[in-house]
Amino acid sequence: MNNPLIEQPFAEALKSVARREDIKAYINKSPLLYSLLSRAAGRYVTGDARADGLNSGTLLRNKGYEVSLEYIGENICRLSDCEQAVQEFQELIRACAVSGAASRISLDLSHIGLSIQPELAYHNLRLLAEEAEKHNLTILISMEETAKTDLILSVYKQAIAHYSNLGITLQAHLYRTPQDLEELLPLGGRIRIVKGAYQESASDAMPRSEALNEQFLKLVARCIQTGCTVSAATHDEALIMEMRQRGYFNAQHFEIEMLYGIRPELSSNLHAAGVPVRIYLTYGEEWYLYVCHRIAEFPPNLYLAVTDIIQGDHSSAALYK
């Protein structure tokens with residue numbers, strides 16, 4: 001592609017389709033479609049089972065990378081599904097404590113109860129934070145659509161008052177984020193800065209632009225200035241090189257975080273140069289939304305998706321040096 005006039009509408013359309021529960025349900029019920037599309041998902045998701053995530057995490061940690069691991073899912077509206085997710089996260093935490101496959105567990109609050117009742121998400125987050133604390137692991141909360149931002153921040157602020165092994169993701173494209181960051185920094189948790197993957201209104205979020213890049217850089221710089229542990233989560237090589245030039249790489253509590261399967265050669269080059277790099281791994285069957293966002297973020301990934309569907313499954317873990 002490499003044509004903004006084509007890529008931008010394509011990305012917006014794909015993000016819109018990603019929210020369609022009817023399309024996801026149709027894919028899940030079609031063995032052929034599920035099998036074909038899961039081949040494309042295999043570039044970005046380690047597999048359906050916990051063991052897939054643990055195995056990939058162990059391989060990457062043995063190569064010297066830090067790892068975040070997530071049991072993928074969000075927008076859970078049934079209590080039984082929510083309870084299953086919490087149990088899976090508890091087992092994942094215990095498995096990571098034994099295997100050392102990851103030092104950080106990532107999750108969406110809507111996966112553990114936010115879409116049912118915020119108090120339920122708070123209760124379950126405390127359960128998981130306590131379990132993770134026993135094993136010297138951290139939990140990093142992902143950010144979701146801006147309609148959920150206030151609820152997510154409210155639950156996090158309540159929980160961080162009791163557990164120091166927590167962190168939160170902030171989206172640089174939201175106009176509100178600089179103020180949110182100022183409110184969060186005194187609380188002492190970890191911060192992950194991302195550009196933002198969700199399709200938002202022009203009144204809430206800025207488009208991909210130099211202005212967005214500069215806001216991203218300022219947010220990371222503010223975290224470094226206050227001594228906050230910060231993950232700069234981006235695959236934008238120009239932005240990464242700008243952080244290097246500005247001296248961010250020299251900060252004590254700074255790391256680059258990159259998604260599994262996205263620019264593994266860039267991760268490898270940074271790692272070889274001594275830059276702290278964390279790889280964000282996911283596993284589970286609820287990969288539809290996640291994979292749509294990965295392609296929408298960089299539309300030429302559609303070519304890779306088609307290639308993977310034709311050529312079959314592969315493991316991205318082997319691509320990291």
# chains A, B, ... in the order shown; residues from 1 in each chain; ligands from 1

call {"tool": "residues_around", "arguments": {"residues": "Leu128 of chain A", "least_positions_apart": "3", "cutoff": "9 Å", "atoms": "only C-alpha atoms", "output": "VMD selection string"}}
result
chain A and resid 86 89 to 90 93 123 to 125 131 to 133 139

call {"tool": "select_by_dssp", "arguments": {"residues": "segment 28-149 of chain A", "states": "strand (DSSP E or B)", "output": "list in words"}}
result
Glu66, Val67, Ser68, Leu69, Glu70, Tyr71, Arg104, Ile105, Ser106, Leu107, Thr138, Ile139, Leu140 and Ile141 of chain A

call {"tool": "residues_around", "arguments": {"residues": "Thr58 of chain A", "least_positions_apart": "3", "cutoff": "8 Å", "atoms": "only C-alpha atoms", "output": "PDB file with C-alpha atoms, in the first residue's frame"}}
result
ATOM      1  CA  LEU A  54       4.765 -19.477  28.584  1.00  0.00           C
ATOM      2  CA  ASN A  55       6.933 -21.241  26.011  1.00  0.00           C
ATOM      3  CA  ARG A  61      13.654 -14.217  28.401  1.00  0.00           C
ATOM      4  CA  ASN A  62      16.451 -16.705  27.748  1.00  0.00           C
ATOM      5  CA  SER A  99       8.909 -20.790  34.855  1.00  0.00           C
ATOM      6  CA  GLY A 100      10.152 -17.194  34.868  1.00  0.00           C
ATOM      7  CA  ALA A 101       8.433 -16.734  31.484  1.00  0.00           C
ATOM      8  CA  ALA A 102       7.361 -13.142  32.260  1.00  0.00           C
TER       9      ALA A 102
END

call {"tool": "residues_around", "arguments": {"residues": "Leu187 of chain A", "least_positions_apart": "4", "cutoff": "8 Å", "atoms": "only C-alpha atoms", "output": "list in words"}}
result
Lys157, Ile160, Ala161 and Glu183 of chain A

call {"tool": "write_last_selection", "arguments": {"atoms": "C-alpha atoms", "output": "PDB file, in the first residue's frame"}}
result
ATOM      1  CA  LYS A 157      -6.341   4.775  41.599  1.00  0.00           C
ATOM      2  CA  ILE A 160      -2.647   1.424  43.618  1.00  0.00           C
ATOM      3  CA  ALA A 161      -3.328   2.789  47.095  1.00  0.00           C
ATOM      4  CA  GLU A 183      -2.689  13.027  38.508  1.00  0.00           C
TER       5      GLU A 183
END

call {"tool": "atom_distance", "arguments": {"atom1": "atom CA of Met258 of chain A", "atom2": "atom CA of Arg176 of chain A"}}
result
23.9 Å

call {"tool": "decode", "arguments": {"residues": "segment 224-250 of chain A", "atoms": "N, CA, C and O atoms", "output": "short mmCIF file (atom, residue, chain, number, x, y, z; two decimals), in the first residue's frame"}}
result
data_model
loop_
_atom_site.label_atom_id
_atom_site.label_comp_id
_atom_site.auth_asym_id
_atom_site.auth_seq_id
_atom_site.Cartn_x
_atom_site.Cartn_y
_atom_site.Cartn_z
N ILE A 224 10.16 10.21 32.99
CA ILE A 224 11.59 10.11 33.30
C ILE A 224 11.99 11.19 34.30
O ILE A 224 12.73 10.94 35.26
N GLN A 225 11.48 12.39 34.10
CA GLN A 225 11.82 13.52 34.96
C GLN A 225 11.44 13.25 36.42
O GLN A 225 12.16 13.66 37.35
N THR A 226 10.35 12.55 36.64
CA THR A 226 9.89 12.29 38.01
C THR A 226 10.41 10.98 38.58
O THR A 226 10.08 10.63 39.71
N GLY A 227 11.21 10.24 37.78
CA GLY A 227 11.75 8.97 38.26
C GLY A 227 10.78 7.81 38.17
O GLY A 227 11.03 6.74 38.74
N CYS A 228 9.68 8.01 37.46
CA CYS A 228 8.69 6.95 37.29
C CYS A 228 9.21 5.87 36.35
O CYS A 228 9.88 6.15 35.36
N THR A 229 8.91 4.61 36.66
CA THR A 229 9.22 3.52 35.75
C THR A 229 8.31 3.62 34.54
O THR A 229 7.09 3.59 34.66
N VAL A 230 8.90 3.77 33.34
CA VAL A 230 8.10 4.04 32.15
C VAL A 230 8.46 3.09 31.02
O VAL A 230 9.63 2.82 30.76
N SER A 231 7.42 2.59 30.35
CA SER A 231 7.59 1.80 29.14
C SER A 231 7.11 2.64 27.97
O SER A 231 5.94 3.04 27.93
N ALA A 232 8.01 2.92 27.04
CA ALA A 232 7.64 3.64 25.81
C ALA A 232 7.28 2.58 24.78
O ALA A 232 8.15 1.91 24.23
N ALA A 233 5.99 2.40 24.56
CA ALA A 233 5.51 1.31 23.72
C ALA A 233 5.24 1.82 22.31
O ALA A 233 4.23 2.49 22.06
N THR A 234 6.15 1.53 21.40
CA THR A 234 6.01 2.00 20.03
C THR A 234 6.89 1.16 19.10
O THR A 234 7.89 0.60 19.53
N HIS A 235 6.47 1.09 17.82
CA HIS A 235 7.28 0.46 16.79
C HIS A 235 7.76 1.48 15.77
O HIS A 235 8.34 1.12 14.75
N ASP A 236 7.51 2.73 16.06
CA ASP A 236 7.88 3.83 15.18
C ASP A 236 9.38 4.08 15.31
O ASP A 236 9.84 4.65 16.29
N GLU A 237 10.14 3.64 14.31
CA GLU A 237 11.60 3.71 14.41
C GLU A 237 12.10 5.14 14.51
O GLU A 237 13.04 5.43 15.25
N ALA A 238 11.45 6.06 13.78
CA ALA A 238 11.86 7.46 13.86
C ALA A 238 11.65 8.01 15.27
O ALA A 238 12.48 8.76 15.80
N LEU A 239 10.55 7.62 15.88
CA LEU A 239 10.25 8.06 17.25
C LEU A 239 11.25 7.45 18.24
O LEU A 239 11.72 8.12 19.16
N ILE A 240 11.59 6.20 18.03
CA ILE A 240 12.57 5.54 18.90
C ILE A 240 13.93 6.22 18.78
O ILE A 240 14.62 6.46 19.78
N MET A 241 14.33 6.54 17.56
CA MET A 241 15.62 7.20 17.37
C MET A 241 15.62 8.60 17.98
O MET A 241 16.64 9.07 18.49
N GLU A 242 14.48 9.27 17.96
CA GLU A 242 14.38 10.58 18.59
C GLU A 242 14.53 10.46 20.11
O GLU A 242 15.18 11.31 20.74
N MET A 243 13.97 9.40 20.68
CA MET A 243 14.14 9.18 22.12
C MET A 243 15.61 8.91 22.45
O MET A 243 16.11 9.37 23.48
N ARG A 244 16.28 8.19 21.56
CA ARG A 244 17.72 7.96 21.77
C ARG A 244 18.47 9.29 21.75
O ARG A 244 19.30 9.57 22.62
N GLN A 245 18.16 10.13 20.74
CA GLN A 245 18.86 11.40 20.58
C GLN A 245 18.61 12.32 21.78
O GLN A 245 19.51 13.08 22.19
N ARG A 246 17.42 12.25 22.34
CA ARG A 246 17.09 13.11 23.48
C ARG A 246 17.60 12.56 24.82
O ARG A 246 17.38 13.16 25.86
N GLY A 247 18.24 11.40 24.78
CA GLY A 247 18.86 10.86 25.98
C GLY A 247 17.95 10.02 26.85
O GLY A 247 18.33 9.65 27.97
N TYR A 248 16.78 9.67 26.34
CA TYR A 248 15.85 8.87 27.15
C TYR A 248 16.43 7.50 27.50
O TYR A 248 16.15 6.95 28.57
N PHE A 249 17.22 6.95 26.59
CA PHE A 249 17.77 5.61 26.80
C PHE A 249 18.69 5.56 28.02
O PHE A 249 18.96 4.48 28.55
N ASN A 250 19.18 6.71 28.45
CA ASN A 250 20.09 6.74 29.60
C ASN A 250 19.36 6.78 30.94
O ASN A 250 20.00 6.68 31.99
#
